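Listing of entry.txt; format and content: compact mmCIF, C-alpha atoms.
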```txt
# COMPACT_ATOMS: atom_id res chain seq x y z
CA MET A 1 54.01 -23.02 107.28
CA ARG A 2 57.27 -21.69 105.94
CA SER A 3 58.61 -25.22 105.43
CA ALA A 4 55.41 -26.17 103.56
CA SER A 5 55.97 -23.24 101.20
CA ARG A 6 59.58 -24.28 100.73
CA ALA A 7 58.50 -27.84 99.92
CA LEU A 8 55.97 -26.52 97.40
CA LEU A 9 58.66 -24.35 95.82
CA ARG A 10 60.99 -27.34 95.60
CA LEU A 11 58.23 -29.36 93.95
CA ALA A 12 57.53 -26.56 91.48
CA GLY A 13 61.26 -26.35 90.74
CA LYS A 14 61.53 -30.06 90.01
CA ILE A 15 58.51 -30.03 87.69
CA HIS A 16 59.77 -26.89 85.96
CA SER A 17 63.20 -28.48 85.39
CA ARG A 18 61.60 -31.58 83.92
CA VAL A 19 59.36 -29.61 81.57
CA GLU A 20 62.20 -27.35 80.46
CA SER A 21 64.35 -30.34 79.58
CA LEU A 22 61.81 -31.62 77.04
CA GLN A 23 62.30 -31.09 73.38
CA PRO A 24 59.23 -30.68 71.18
CA THR A 25 58.61 -33.85 69.17
CA CYS A 26 55.95 -35.22 66.92
CA SER A 27 57.00 -38.83 67.32
CA ASP A 28 53.50 -40.28 67.45
CA LEU A 29 52.29 -39.21 64.04
CA LEU A 30 52.17 -42.76 62.71
CA LEU A 31 49.08 -43.45 60.67
CA PRO A 32 46.62 -45.83 62.34
CA ASP A 33 47.32 -48.95 60.28
CA ALA A 34 46.57 -51.26 63.21
CA ASP A 35 43.18 -49.64 63.83
CA TRP A 36 42.30 -49.89 60.15
CA SER A 37 43.35 -53.57 60.11
CA ARG A 38 41.08 -54.18 63.11
CA CYS A 39 38.16 -52.60 61.20
CA ARG A 40 38.82 -54.77 58.17
CA ALA A 41 39.11 -57.95 60.24
CA ALA A 42 35.90 -57.15 62.14
CA GLY A 43 34.13 -56.45 58.84
CA ARG A 44 35.26 -59.77 57.38
CA ARG A 45 34.10 -61.70 60.46
CA LEU A 46 30.73 -59.96 60.38
CA GLU A 47 30.26 -60.73 56.70
CA LYS A 48 31.04 -64.39 57.37
CA ALA A 49 28.64 -64.57 60.33
CA GLU A 50 25.83 -63.00 58.29
CA ARG A 51 26.49 -65.30 55.33
CA ARG A 52 26.22 -68.34 57.59
CA GLY A 53 23.17 -67.07 59.44
CA TRP A 54 24.90 -66.82 62.86
CA ARG A 55 22.55 -64.23 64.27
CA LEU A 56 23.96 -63.93 67.80
CA ALA A 57 27.52 -63.77 66.55
CA ALA A 58 26.50 -61.14 63.99
CA VAL A 59 25.05 -58.92 66.73
CA ARG A 60 28.30 -59.10 68.70
CA LEU A 61 30.45 -58.60 65.60
CA ARG A 62 28.44 -55.58 64.51
CA ARG A 63 29.20 -54.02 67.91
CA GLU A 64 32.85 -54.99 67.56
CA LEU A 65 33.04 -53.36 64.12
CA ARG A 66 31.39 -50.19 65.41
CA GLN A 67 33.93 -50.01 68.25
CA ALA A 68 36.84 -50.56 65.86
CA MET A 69 35.53 -47.80 63.56
CA GLU A 70 35.12 -45.44 66.52
CA GLN A 71 38.68 -46.16 67.63
CA LEU A 72 39.92 -45.40 64.10
CA ARG A 73 37.96 -42.13 64.06
CA LEU A 74 39.47 -41.09 67.42
CA GLU A 75 42.94 -42.00 66.27
CA MET A 76 42.54 -39.91 63.10
CA HIS A 77 41.39 -36.95 65.23
CA ARG A 78 44.36 -37.44 67.56
CA ILE A 79 46.81 -37.45 64.66
CA GLU A 80 45.20 -34.37 63.15
CA ASP A 81 45.39 -32.55 66.51
CA ARG A 82 49.00 -33.65 67.01
CA LEU A 83 49.95 -32.54 63.52
CA THR A 84 48.49 -29.11 64.16
CA ALA A 85 50.13 -28.91 67.60
CA SER A 86 53.53 -29.87 66.22
CA GLU A 87 53.48 -26.75 64.06
CA ARG A 88 53.77 -24.63 67.20
CA PRO A 89 56.33 -25.21 69.94
CA PRO A 90 54.71 -25.32 73.38
CA ARG A 91 54.91 -22.32 75.65
CA ILE A 92 56.62 -23.50 78.84
CA ALA A 93 55.07 -22.32 82.10
CA SER A 94 57.37 -20.27 84.32
CA LEU A 95 58.37 -21.46 87.77
CA ARG A 96 55.95 -18.89 89.19
CA GLU A 97 53.06 -20.23 87.08
CA ILE A 98 53.76 -23.81 88.16
CA LEU A 99 53.86 -22.68 91.78
CA ASP A 100 50.53 -20.86 91.31
CA ASP A 101 49.06 -24.03 89.77
CA LEU A 102 50.21 -26.08 92.77
CA ARG A 103 48.70 -23.53 95.16
CA PHE A 104 45.43 -23.56 93.25
CA LEU A 105 44.98 -27.35 93.01
CA PRO A 106 43.39 -27.72 96.48
CA ASP A 107 40.64 -25.30 95.36
CA SER A 108 39.73 -27.61 92.48
CA PHE A 109 40.19 -31.07 93.98
CA ASP A 110 39.18 -32.67 97.26
CA GLU A 111 42.59 -34.05 98.06
CA VAL A 112 46.03 -32.99 96.81
CA ARG A 113 49.19 -34.85 97.84
CA TRP A 114 52.76 -34.84 96.72
CA ASP A 115 55.81 -36.82 97.62
CA LEU A 116 59.20 -35.46 96.66
CA ARG A 117 60.92 -38.80 97.29
CA GLN A 118 58.48 -40.82 95.25
CA GLU A 119 58.31 -38.00 92.70
CA MET A 120 54.54 -38.18 92.64
CA LEU A 121 51.85 -35.49 92.62
CA SER A 122 48.26 -36.66 92.99
CA VAL A 123 44.77 -35.23 93.24
CA THR A 124 41.49 -36.95 94.03
CA THR A 125 38.29 -36.24 92.13
CA GLU A 126 34.83 -35.86 93.59
CA PRO A 127 32.66 -39.03 93.43
CA ILE A 128 31.90 -39.74 89.79
CA VAL A 129 28.49 -40.96 88.63
CA LEU A 130 28.00 -41.82 84.96
CA GLU A 131 24.45 -42.43 83.72
CA GLY A 132 23.36 -43.34 87.23
CA PHE A 133 26.28 -45.70 87.94
CA PRO A 134 28.32 -44.61 90.97
CA LEU A 135 31.98 -45.23 90.16
CA GLY A 136 33.41 -43.52 93.25
CA ARG A 137 36.34 -41.13 93.51
CA PHE A 138 39.51 -41.48 91.48
CA THR A 139 43.03 -40.50 92.41
CA ILE A 140 45.10 -39.18 89.49
CA SER A 141 48.81 -39.61 90.26
CA LEU A 142 51.41 -37.89 88.11
CA ASP A 143 55.02 -39.07 88.05
CA TRP A 144 56.61 -35.77 86.99
CA THR A 145 59.90 -37.43 86.10
CA ARG A 146 58.05 -39.21 83.27
CA ILE A 147 56.49 -36.11 81.70
CA GLY A 148 57.28 -36.40 78.01
CA PHE A 149 56.70 -40.16 77.98
CA THR A 150 53.42 -41.83 77.09
CA ARG A 151 50.93 -41.56 79.94
CA PRO A 152 53.16 -40.53 82.86
CA TYR A 153 50.25 -40.89 85.30
CA HIS A 154 47.77 -43.46 86.52
CA VAL A 155 44.18 -43.33 87.65
CA LEU A 156 43.23 -45.32 90.72
CA ALA A 157 39.64 -45.95 91.80
CA ARG A 158 39.29 -45.14 95.50
CA GLU A 159 36.01 -46.95 96.04
CA PRO A 160 36.08 -49.34 93.07
CA ASN A 161 32.83 -50.36 91.46
CA PRO A 162 34.31 -52.31 88.55
CA ALA A 163 32.54 -53.73 85.52
CA ALA A 164 31.00 -57.15 86.08
CA SER A 165 32.89 -58.46 83.07
CA ASP A 166 36.36 -57.35 84.26
CA GLU A 167 37.53 -56.19 87.68
CA ALA A 168 40.39 -54.27 86.07
CA VAL A 169 37.87 -51.95 84.38
CA THR A 170 37.03 -49.40 87.10
CA HIS A 171 35.62 -46.81 84.68
CA PRO A 172 34.38 -47.26 81.11
CA HIS A 173 37.63 -45.62 79.95
CA VAL A 174 40.06 -46.92 82.60
CA LEU A 175 41.72 -50.34 82.44
CA ASN A 176 44.37 -51.40 84.96
CA GLY A 177 44.72 -47.79 86.11
CA LYS A 178 45.37 -46.55 82.57
CA LEU A 179 43.07 -43.91 81.14
CA CYS A 180 42.20 -44.20 77.46
CA GLU A 181 42.51 -40.50 76.71
CA GLY A 182 40.70 -40.49 73.35
CA ARG A 183 40.00 -36.92 72.23
CA GLY A 184 41.78 -35.54 75.27
CA ALA A 185 45.15 -37.09 74.35
CA VAL A 186 46.70 -34.14 72.56
CA SER A 187 45.51 -31.43 74.93
CA LEU A 188 46.67 -33.56 77.89
CA ARG A 189 50.09 -33.92 76.41
CA ALA A 190 50.26 -30.22 75.57
CA ALA A 191 49.25 -29.28 79.12
CA LEU A 192 51.86 -31.60 80.65
CA GLU A 193 54.69 -30.63 78.36
CA SER A 194 53.94 -26.96 79.01
CA GLY A 195 53.86 -27.50 82.77
CA ARG A 196 50.19 -26.51 83.08
CA LEU A 197 49.28 -28.76 85.99
CA VAL A 198 45.79 -27.42 86.68
CA ASP A 199 44.88 -27.91 83.02
CA PHE A 200 46.32 -31.43 83.01
CA PHE A 201 44.37 -32.57 86.08
CA THR A 202 41.23 -30.78 84.90
CA ILE A 203 41.32 -32.51 81.50
CA VAL A 204 41.77 -35.95 83.12
CA ASP A 205 38.91 -35.11 85.48
CA ARG A 206 36.69 -34.09 82.53
CA ILE A 207 37.45 -37.35 80.67
CA LEU A 208 36.52 -39.26 83.83
CA HIS A 209 33.25 -37.32 83.97
CA THR A 210 32.38 -38.23 80.36
CA TYR A 211 30.96 -41.48 79.07
CA HIS A 212 31.77 -42.13 75.44
CA ARG A 213 29.40 -44.83 74.20
CA GLY A 214 31.48 -45.46 71.09
CA SER A 215 34.45 -47.19 72.67
CA PRO A 216 34.28 -48.10 76.35
CA HIS A 217 36.26 -51.00 77.82
CA SER A 218 32.91 -52.15 79.13
CA PRO A 219 29.62 -50.44 78.25
CA LEU A 220 27.62 -49.02 81.14
CA SER A 221 24.56 -50.92 79.90
CA GLU A 222 26.37 -54.08 81.02
CA TRP A 223 28.26 -52.54 83.94
CA GLY A 224 26.41 -54.37 86.68
CA GLY A 225 26.27 -57.40 84.43
CA VAL A 226 23.21 -59.46 83.60
CA CYS A 227 21.82 -62.01 85.97
CA CYS A 228 22.07 -65.66 85.01
CA PRO A 229 18.55 -67.00 85.70
CA GLY A 230 20.04 -70.38 86.61
CA CYS A 231 22.45 -69.50 89.43
CA GLY A 232 21.82 -65.79 89.95
CA ASP A 233 25.43 -64.80 89.29
CA ARG A 234 26.00 -61.44 87.59
CA LEU A 235 28.09 -61.71 84.46
CA SER A 236 28.83 -59.90 81.25
CA GLU A 237 26.23 -60.44 78.52
CA ASP A 238 28.95 -62.06 76.41
CA ASP A 239 29.36 -64.78 79.05
CA LEU A 240 25.76 -65.97 78.67
CA THR A 241 24.77 -68.55 76.06
CA PRO A 242 21.32 -69.70 74.96
CA CYS A 243 20.18 -73.30 75.53
CA GLU A 244 19.99 -74.90 72.10
CA ARG A 245 16.50 -76.24 72.72
CA CYS A 246 14.44 -73.78 74.79
CA GLU A 247 16.76 -70.76 74.19
CA SER A 248 16.89 -69.85 77.91
CA VAL A 249 20.02 -67.70 78.25
CA LEU A 250 22.34 -69.02 80.98
CA CYS A 251 25.96 -68.97 82.07
CA LEU A 252 28.24 -71.83 81.02
CA GLY A 253 28.11 -73.25 84.55
CA CYS A 254 24.37 -73.73 84.23
CA LEU A 255 24.52 -75.39 80.82
CA SER A 256 25.62 -78.93 80.12
CA GLY A 257 26.79 -80.56 76.95
CA CYS A 258 24.84 -83.36 75.32
CA PRO A 259 27.43 -86.09 74.81
CA ALA A 260 25.79 -87.16 71.57
CA CYS A 261 25.33 -83.96 69.58
CA ARG A 262 27.77 -81.83 71.68
CA GLY A 263 25.18 -79.05 71.94
CA LEU A 264 24.74 -76.97 75.11
CA PHE A 265 21.46 -77.35 76.99
CA CYS A 266 19.87 -76.20 80.23
CA ALA A 267 19.11 -78.77 82.94
CA SER A 268 15.44 -79.12 81.99
CA CYS A 269 16.25 -79.89 78.35
CA LEU A 270 18.52 -82.83 79.22
CA GLU A 271 17.20 -86.19 80.40
CA PRO A 272 19.04 -89.21 81.71
CA CYS A 273 19.44 -92.08 79.31
CA ALA A 274 17.18 -94.87 80.61
CA GLU A 275 20.09 -97.30 80.67
CA CYS A 276 23.31 -95.51 81.45
CA ARG A 277 21.77 -92.46 83.19
CA VAL A 278 24.02 -90.03 81.32
CA ARG A 279 22.07 -86.85 80.72
CA THR A 280 21.38 -86.44 77.03
CA CYS A 281 19.31 -83.95 75.07
CA ARG A 282 15.75 -84.97 74.27
CA SER A 283 16.29 -84.75 70.53
CA CYS A 284 19.13 -87.25 70.61
CA LEU A 285 17.20 -89.58 72.91
CA SER A 286 14.06 -89.49 70.79
CA SER A 287 15.83 -89.66 67.44
CA GLY A 288 17.39 -92.99 68.30
CA ALA A 289 20.84 -91.60 68.74
CA GLY A 290 20.13 -92.81 72.27
CA CYS A 291 22.68 -92.05 74.85
CA GLY A 292 25.12 -90.90 72.26
CA SER A 293 27.11 -93.99 71.48
CA ALA A 294 26.66 -93.14 67.87
CA ASP A 295 30.18 -94.11 67.02
CA GLY A 296 29.27 -97.65 67.96
CA SER A 297 32.03 -98.10 70.49
CA GLU A 298 30.92 -97.30 73.99
CA CYS A 299 28.64 -95.14 76.06
CA PHE A 300 29.84 -91.72 77.22
CA ASP A 301 32.98 -91.29 79.21
CA GLY A 302 33.74 -94.94 79.49
CA VAL A 303 30.30 -95.88 80.82
CA GLU A 304 29.08 -99.21 79.51
CA PRO A 305 26.80 -98.87 76.49
CA CYS A 306 23.09 -98.94 77.19
CA GLU A 307 20.72 -101.13 75.19
CA GLY A 308 20.18 -98.45 72.59
CA GLY A 309 23.89 -98.02 72.27
CA ARG A 310 24.54 -101.76 72.06
CA ALA A 311 21.87 -102.15 69.38
CA GLN A 312 23.47 -99.31 67.48
CA ASN A 313 26.90 -100.83 67.98
CA ARG A 314 25.70 -104.12 66.55
CA ASP A 315 24.11 -102.33 63.56
CA SER A 316 27.20 -100.34 62.86
CA GLU A 317 29.41 -103.39 63.19
CA ALA A 318 27.18 -105.19 60.68
CA ASP A 319 27.39 -102.21 58.34
CA THR A 320 31.14 -102.15 58.68
CA HIS A 321 31.46 -105.85 57.90
CA ALA A 322 29.19 -105.49 54.91
CA LEU A 323 31.53 -102.90 53.49
CA LEU A 324 34.62 -105.04 53.85
CA PRO A 325 35.94 -106.54 50.59
CA VAL A 326 35.28 -110.23 50.17
CA MET B 1 46.53 -5.45 75.73
CA GLN B 2 48.04 -8.92 75.99
CA ILE B 3 46.65 -11.98 77.75
CA LEU B 4 47.56 -15.66 77.93
CA PHE B 5 44.90 -17.69 76.13
CA ILE B 6 44.72 -21.46 76.67
CA ASN B 7 42.42 -23.56 74.53
CA ASN B 8 42.22 -27.05 76.04
CA ASP B 9 40.05 -28.24 73.16
CA GLY B 10 41.78 -30.13 70.36
CA GLY B 11 45.43 -29.12 70.21
CA GLY B 12 45.60 -27.63 73.70
CA PHE B 13 47.34 -24.42 72.66
CA ALA B 14 48.57 -21.76 75.06
CA ASP B 15 49.34 -18.43 73.37
CA GLN B 16 49.98 -14.84 74.28
CA ILE B 17 47.34 -12.93 72.32
CA LYS B 18 46.44 -9.29 71.90
CA ILE B 19 42.87 -8.21 72.54
CA PRO B 20 41.18 -4.79 72.59
CA ASP B 21 40.67 -3.08 75.94
CA GLY B 22 37.26 -3.78 77.41
CA THR B 23 37.00 -7.30 75.95
CA THR B 24 34.75 -9.48 78.08
CA VAL B 25 35.03 -13.21 78.63
CA SER B 26 32.02 -13.85 76.38
CA ASP B 27 33.51 -11.60 73.63
CA LEU B 28 36.70 -13.66 73.72
CA PHE B 29 34.77 -16.91 73.65
CA ALA B 30 32.71 -15.83 70.64
CA GLN B 31 35.86 -14.72 68.86
CA ARG B 32 38.01 -17.76 69.63
CA MET B 33 35.42 -20.53 69.68
CA PRO B 34 32.96 -19.62 66.91
CA GLY B 35 29.88 -21.82 66.76
CA ARG B 36 30.59 -23.40 70.17
CA ASN B 37 28.29 -23.26 73.15
CA ALA B 38 29.91 -21.58 76.17
CA SER B 39 27.91 -23.75 78.56
CA HIS B 40 29.88 -26.77 77.31
CA TYR B 41 33.16 -25.28 78.58
CA LEU B 42 34.82 -24.56 81.89
CA ILE B 43 35.86 -20.95 81.45
CA ARG B 44 38.44 -19.70 83.92
CA VAL B 45 40.37 -16.50 84.32
CA ASN B 46 43.50 -16.77 86.46
CA ARG B 47 42.36 -20.33 87.32
CA GLN B 48 39.05 -19.11 88.80
CA PRO B 49 35.55 -19.46 87.32
CA VAL B 50 34.21 -16.08 86.20
CA ALA B 51 31.02 -14.43 85.00
CA SER B 52 30.65 -14.15 81.24
CA ASP B 53 30.52 -10.35 81.40
CA ALA B 54 33.79 -10.07 83.33
CA VAL B 55 36.14 -7.64 81.59
CA LEU B 56 39.60 -9.05 80.91
CA GLN B 57 42.68 -7.33 82.28
CA PRO B 58 46.23 -7.19 80.88
CA GLY B 59 48.21 -10.29 81.78
CA ASP B 60 45.11 -12.40 82.54
CA ARG B 61 45.36 -16.15 82.02
CA VAL B 62 42.17 -17.36 80.30
CA SER B 63 41.45 -21.04 79.74
CA PHE B 64 38.61 -22.80 77.93
CA THR B 65 38.25 -26.50 78.78
CA PRO B 66 35.42 -28.68 77.40
CA THR B 67 33.22 -30.07 80.17
CA ARG B 68 32.89 -33.31 78.23
CA ILE B 69 35.96 -34.95 76.71
CA GLU B 70 35.48 -38.34 75.10
CA GLY B 71 37.85 -41.03 76.27
CA ALA B 72 38.43 -44.11 74.17
```

Using structure tokens, write down the structure that the file contains.
Amino acid sequence: MRSASRALLRLAGKIHSRVESLQPTCSDLLLPDADWSRCRAAGRRLEKAERRGWRLAAVRLRRELRQAMEQLRLEMHRIEDRLTASERPPRIASLREILDDLRFLPDSFDEVRWDLRQEMLSVTTEPIVLEGFPLGRFTISLDWTRIGFTRPYHVLAREPNPAASDEAVTHPHVLNGKLCEGRGAVSLRAALESGRLVDFFTIVDRILHTYHRGSPHSPLSEWGGVCCPGCGDRLSEDDLTPCERCESVLCLGCLSGCPACRGLFCASCLEPCAECRVRTCRSCLSSGAGCGSADGSECFDGVEPCEGGRAQNRDSEADTHALLPV
Amino acid sequence: MQILFINNDGGGFADQIKIPDGTTVSDLFAQRMPGRNASHYLIRVNRQPVASDAVLQPGDRVSFTPTRIEGA
């Protein structure tokens, strides 16, 4: 028991030394030019899509623009908070306060671990459920030697239930173990640089318990993915494409290209060419484009031209000769 | 009397502040977080959750942390 207390005191001492060594800075007060550029680019793409009547693209681009605007708004808030915070130097927690925080952590979190050699202090949250989606518990691990640097901690899903679109997204605001702190960024930094460990872990925990619709890595509405009616696989909505004839929405694996018009079609909207058997869309077959040898050279992929193709070849050859100078 | 007040909303300030004797947790919240709803915050005194009518004591450590913090 006594050695456990000594270890805790050593840990508190190391964290206290690290925090004391930090100098107050306001190095991240750069204005969000990159976020603004992203908004402008998204706006331009949306305008183009609407002008050309690309409805599906416009829907996606509108969402993209909204996300870019939300990111800009958050960044402006963060800068404002940071600016205000930089006007006051942080109050550094005493060794005693850090020790009290360490003693209190097990009352707030299910699991608290530290490793003096690996210089890591970690807590585990309760199971997190956002809008009905169980995301499991998360372990928040702080590398106290990196306090003062950007994000000196990582967030690991203990029972990962990642987004269908990306296995690295284990929470709408966690990608590859990195938490996008959003509105919590400044208070997190203040808590860490003051040595307020309970506040730091509590703020991370609160961000993990909050779903911000404006700017998730993957929205919860698509978390489990959508089912491709062709193969049954679950994928992100962005990975599904409509058949150009019947508009059934399928994954790329369930769509095939018409070699003539290059459009994407579902299996029931493609038919084999009567001669060469290459599957071609009905429009191209019925319009006389036949199996697609419209360039007059050969059938698809090196297959010998079918009758329709040969007839077309002959016609195009005749046309070509007619155009030659005498 | 003096207490340590930590506001984990926005700037995340921690300040020693002076308050009148007999100030309750809800008095402090109303004074420091005007227009905010106390049910949207984790309110702790000396790291423990407390009742809103708890009377603050000299040297107390009071923290207000939003229950919902929007990530990005």

* Structure fact -> Nearest to chain B, restricted to all atoms listed in the file and choosing among A:Leu22, A:Ala185, A:Ala260, A:Leu11, comes out as A:Ala185

* Which chain B residues are at most 9 Å from chain A (counting all atoms listed in the file), as an NGL selection string? -> :B and (7-15 or 47-48 or 63 or 65-72)

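At a cut-off of 12 Å from (33.6, -57.6, 61.9), the residue set is Trp36, Ser37, Arg38, Cys39, Arg40, Ala41, Ala42, Gly43, Arg44, Arg45, Leu46, Glu47, Lys48, Ala49, Glu50, Ala57, Ala58, Val59, Arg60, Leu61, Arg62, Arg63, Glu64, Leu65, Arg66, Gln67, Ala68 and Met69 of chain A (counting all atoms listed in the file).
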
* To do: Give me the residues within 9 Å of range 23-25 of chain B as a list in words, counting all atoms listed in the file and dropping any in the same chain fewer than 3 places off.
  =>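 In the requested form, the answer reads Ile19, Pro20, Leu28, Phe29, Ala30, Ile43, Val45, Val50, Ala51, Ser52, Asp53, Ala54, Val55, Leu56, Gln57 and Val62 of chain B.
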
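The space between CA of Asn46 in chain B and CA of His16 in chain A spans 19.2 Å.
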